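Below is one structure, written out as structure tokens; comments come after it.
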Amino acid sequence: MIKRILALFTITAATILLFSCDNLNQSAYELWRNSDEARDLNFDQKINEEDYEIYLQQLEDPYIVWRNSDEAEDLNGDRKIDELDYALYLNPPENLYEIWKSSSNAEDLNEDGVIDEADYNLYLDAVKIMGTYQVTNFSYEGDKIWIADNIHLDEFGQHLGGITFGISLYGEIDVQMSNDVIAIFGEDLPAVLDALDNMTFTRISPFIFSLDTSIVLDEIEIVVTIYFSEIEHGFSTQYVFKFDDMEGSLAFDLVKEIQDES
Amino acid sequence: MKVDLKDESYTIIITKITVYCVILLITILFIIFTPKKIITKDFAISLATSMAITDDMNLLLYDYDVYATDVRFREGLIKDVDEVKLSFNNRSEVLAIKVFGENKKIEIRNDYIYIIDPNTPELNIEYYLVKDMQFNDINLPCRTFIILLSEIALIVNTIYLIIYAIISISIVAPFSIKLIRLIPYLKRIN
């Protein structure tokens with residue numbers, strides 16, 4: 001009888017213990033899920049058990065421990081924090097930020113009064129964007145919209161080979177046009193040159209770049225913005241126009257010239 | 001107009017001082033509490049938001065936030081959306097946010113657009129930049145409209161402020177002079 005009671009007690013205790021362990025595991029996950037460390041680690045736009053498993057695996061990996069720490073930095077300036085940066089962290093050749101800071105490139109790019117790592121990151125971003133670009137994959141569908149006295153928008157694509165856009169470190173755009181293109185604009189050339197003169201190109205979010213300029217129409221300055229998304233070797237945009245009865249859809253890419261990559 | 005106070009009684013002077021003080025006080029309070037601008041940038045953003053085109057083709061993915069729990073998601077809907085709204089406001093852009101919901105629904109709110117979309121992952125807030133708005137059958141870029149209206153507002157507000165200052169001075173100055181003139185007579189009677 002006593003043996004039976006002991007056996008029953010042992011089974012009950014084991015069940016409670018197992019149940020508690022299960023609850024403990026669940027609590028640890030819930031604890032993590034409610035903490036600041038909960039991240040979408042597999043980028044499926046959900047934070048769930050799969051992310052927690054990755055998190056647990058990462059805890060054991062010294063590279064991941066470093067990547068999750070405040071010491072993780074984009075040491076090679078490729079705008080990614082990866083194993084290459086970790087290798088540089090373990091065997092630092094020299095501090096790249098310090099090299100930049102002591103160089104003539106160091107500037108207060110965000111105009112907050114100090115030259116710091118935020119400026120260095122802006123510098124790296126600007127270096128990536130900087131280069132010479134050509135308009136490609138130009139397409140226009142819709143009603144005829146005149147962009148100058150003797151040319152409408154759908155014909156303009158034929159002349160784009162004669163235009164290059166140079167983007168400087170500060171996002172300023174320098175447009176070079178061939179004589180053929182200059183001739184197209186005729187009397188409208190000064191207005192076109194004015195608009196091209198103050199164009200700037202900036203990243204406004206992880207996914208959007210903006211090309212800002214202004215044009216003067218009837219003595220009123222009008223700000224014009226074209227938004228771009230990033231593609232391989234450049235940027236892409238698409239627009240839908242609608243003025244009263246006229247409608248049109250325009251798309252083109254700005255592709256970086258290969259010699260700038262080297 | 002010169003006031004002959006010799007014939008006036010103490011009560012009349014006190015009444016006059018009280019009336020002038022009340023008029024001055026009301027005018028000063030009016031100056032303090034009346035808005036100094038009649039058109040603000042917020043108004044321009046609100047107007048652009050109300051006319052924004054909400055087709056998916058017109059929305060550009062700006063960024064997204066993903067949250068672990070429903071509590072954090074709801075906190076994000078207040079705190080994080082406010083932060084993003086501020087950066088949109090600074091750049092004179094119109095913001096649209098998308099959150100998960102079974103039935104698609106678009107709500108035009110005061111300074112942003114709230115979209116419930118079944119294609120947005122759960123516990124996510126997706127931020128979108130609204131490119132164009134529609135005004136009199138013309139597609140206008142929201143940013144162009146907001147900046148233009150803000151510049152017009154600057155002119156309108158300056159004219160309003162000048163008129164406002166002239167009216168205020170024309171009330172405050174004569175009553176202040178009258179009051180200053182009455183005080184010595186009051187002292188003399190006492």
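Quick note on naming: the chains in the structure tokens go A, B, ... in the order shown, residues restart at 1 in each chain, and ligands are numbered from 1 in order of appearance.
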(request) Write out as a VMD selection string each polymer residue whose atoms come within 12 Å of Ile115 of chain B, counting only C-alpha atoms; drop sequence neighbours fewer than 4 positions from it. (result) chain B and resid 54 to 56 59 95 to 109 119 to 120 125 to 128
For the residues selected in the previous step, produce a file with N, CA and C atoms as a compact mmCIF listing (two decimals), in the first residue's frame.
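Written out: selection-v4.txt:
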# COMPACT_ATOMS: atom_id res chain seq x y z
N THR B 54 -5.33 57.99 -52.39
CA THR B 54 -4.95 56.87 -51.52
C THR B 54 -4.76 55.54 -52.27
N ASP B 55 -4.69 55.61 -53.61
CA ASP B 55 -4.41 54.39 -54.38
C ASP B 55 -3.02 53.87 -54.00
N ASP B 56 -2.86 52.54 -54.04
CA ASP B 56 -1.56 51.95 -53.70
C ASP B 56 -0.43 52.47 -54.59
N LEU B 59 1.26 55.48 -53.16
CA LEU B 59 1.88 55.37 -51.84
C LEU B 59 3.25 54.72 -51.96
N LEU B 95 1.65 61.77 -44.63
CA LEU B 95 1.91 60.41 -44.15
C LEU B 95 0.66 59.53 -44.22
N ALA B 96 0.88 58.28 -44.63
CA ALA B 96 -0.18 57.28 -44.53
C ALA B 96 0.39 56.09 -43.77
N ILE B 97 -0.38 55.54 -42.85
CA ILE B 97 0.10 54.34 -42.16
C ILE B 97 -0.84 53.18 -42.46
N LYS B 98 -0.22 52.00 -42.55
CA LYS B 98 -1.02 50.79 -42.79
C LYS B 98 -0.83 49.84 -41.62
N VAL B 99 -1.95 49.30 -41.13
CA VAL B 99 -1.90 48.27 -40.10
C VAL B 99 -2.79 47.11 -40.56
N PHE B 100 -2.56 45.96 -39.92
CA PHE B 100 -3.33 44.77 -40.33
C PHE B 100 -4.80 44.87 -39.91
N GLY B 101 -5.66 44.38 -40.76
CA GLY B 101 -7.09 44.27 -40.45
C GLY B 101 -7.72 43.43 -41.53
N GLU B 102 -8.78 42.70 -41.19
CA GLU B 102 -9.37 41.77 -42.17
C GLU B 102 -10.02 42.48 -43.35
N ASN B 103 -10.66 43.59 -43.08
CA ASN B 103 -11.34 44.32 -44.16
C ASN B 103 -10.64 45.64 -44.43
N LYS B 104 -10.38 45.88 -45.70
CA LYS B 104 -9.67 47.12 -46.05
C LYS B 104 -10.54 48.34 -45.72
N LYS B 105 -9.92 49.31 -45.08
CA LYS B 105 -10.64 50.52 -44.68
C LYS B 105 -9.66 51.69 -44.69
N ILE B 106 -10.09 52.81 -45.25
CA ILE B 106 -9.22 53.99 -45.29
C ILE B 106 -9.89 55.11 -44.49
N GLU B 107 -9.15 55.63 -43.52
CA GLU B 107 -9.67 56.76 -42.73
C GLU B 107 -8.77 57.96 -42.96
N ILE B 108 -9.36 59.07 -43.42
CA ILE B 108 -8.58 60.30 -43.56
C ILE B 108 -8.65 61.02 -42.23
N ARG B 109 -7.56 61.04 -41.51
CA ARG B 109 -7.53 61.72 -40.23
C ARG B 109 -7.00 63.13 -40.43
N ASN B 119 -3.26 42.92 -46.25
CA ASN B 119 -1.94 42.51 -46.74
C ASN B 119 -0.79 42.96 -45.85
N THR B 120 -1.08 43.82 -44.90
CA THR B 120 -0.03 44.27 -43.98
C THR B 120 0.15 43.19 -42.90
N ILE B 125 3.55 48.28 -38.26
CA ILE B 125 3.05 49.58 -38.72
C ILE B 125 3.90 49.93 -39.94
N GLU B 126 3.25 50.01 -41.08
CA GLU B 126 3.96 50.40 -42.30
C GLU B 126 3.71 51.88 -42.56
N TYR B 127 4.80 52.61 -42.80
CA TYR B 127 4.68 54.05 -43.06
C TYR B 127 4.82 54.29 -44.57
N TYR B 128 3.90 55.04 -45.12
CA TYR B 128 3.94 55.34 -46.55
C TYR B 128 3.96 56.84 -46.79
Return the neighbours of chain A among the residues of chain B, cut-off 7 Å, counting only C-alpha atoms, as a PyMOL selection string. chain B and resi 61-63+66-69+121-122+124+137-139+144+148
**Prompt:** Please, what distance in Å, to one decimal, runs between atom CA of Asn89 of chain B and atom CA of Asp42 of chain B?
**Reply:**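 We find that atom CA of Asn89 of chain B and atom CA of Asp42 of chain B lie 8.0 Å from each other.
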Discussion item. For the structure I just gave you, how does DSSP split segment 12-118 of chain B - specifically, which residues are strand (DSSP E)? Reply as a VMD selection string.
Written reply: chain B and resid 59 to 66 94 to 100 105 to 108 112 to 117
Fill in: Nearby residues (only C-alpha atoms) at most 7 Å from Cys142 of chain B, same-chain spacing under 3 positions excluded, as a PyMOL selection string
chain B and resi 48+93-94+131-133+145-146
Please produce a file of the residues just selected, as a PDB file, in the first residue's frame, where the atoms kept are C-alpha atoms.
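Result written to again.pdb:
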ATOM      1  CA  ALA B  48      -3.398  68.184 -48.458  1.00  0.00           C
ATOM      2  CA  GLU B  93       5.006  65.514 -46.719  1.00  0.00           C
ATOM      3  CA  VAL B  94       1.743  63.627 -46.179  1.00  0.00           C
ATOM      4  CA  LYS B 131       3.013  61.385 -53.520  1.00  0.00           C
ATOM      5  CA  ASP B 132       0.066  63.245 -55.037  1.00  0.00           C
ATOM      6  CA  MET B 133      -3.255  64.800 -54.151  1.00  0.00           C
ATOM      7  CA  PHE B 145       1.055  72.092 -52.493  1.00  0.00           C
ATOM      8  CA  ILE B 146       2.029  72.247 -48.809  1.00  0.00           C
TER       9      ILE B 146
END
Problem - Between atom CA of Glu187 of chain A and atom CA of Val135 of chain A, distance in Å (one decimal) - result: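 Separation between atom CA of Glu187 of chain A and atom CA of Val135 of chain A: 23.5 Å.
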Would you list the contacts of segment 180-182 of chain A as a CSV table (one decimal) with C-alpha atoms, in the first residue's frame, taking every protein, DNA or RNA residue within 10 Å and counting only C-alpha atoms, but skipping same-chain residues closer than 5 positions in sequence?
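In the end it all went to around-v3.csv:
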chain,number,residue,atom,x,y,z
A,156,PHE,CA,12.0,62.7,-75.1
A,158,GLN,CA,15.2,59.2,-77.6
A,159,HIS,CA,17.4,62.0,-76.5
A,160,LEU,CA,18.3,60.7,-73.0
A,161,GLY,CA,21.6,59.3,-74.2
A,162,GLY,CA,22.8,62.9,-74.3
A,163,ILE,CA,22.1,63.6,-70.6
A,187,GLU,CA,13.5,79.3,-75.7
A,188,ASP,CA,12.6,77.2,-72.6
A,189,LEU,CA,16.3,76.5,-72.0
A,192,VAL,CA,15.2,74.3,-67.6
A,193,LEU,CA,18.7,75.3,-66.6
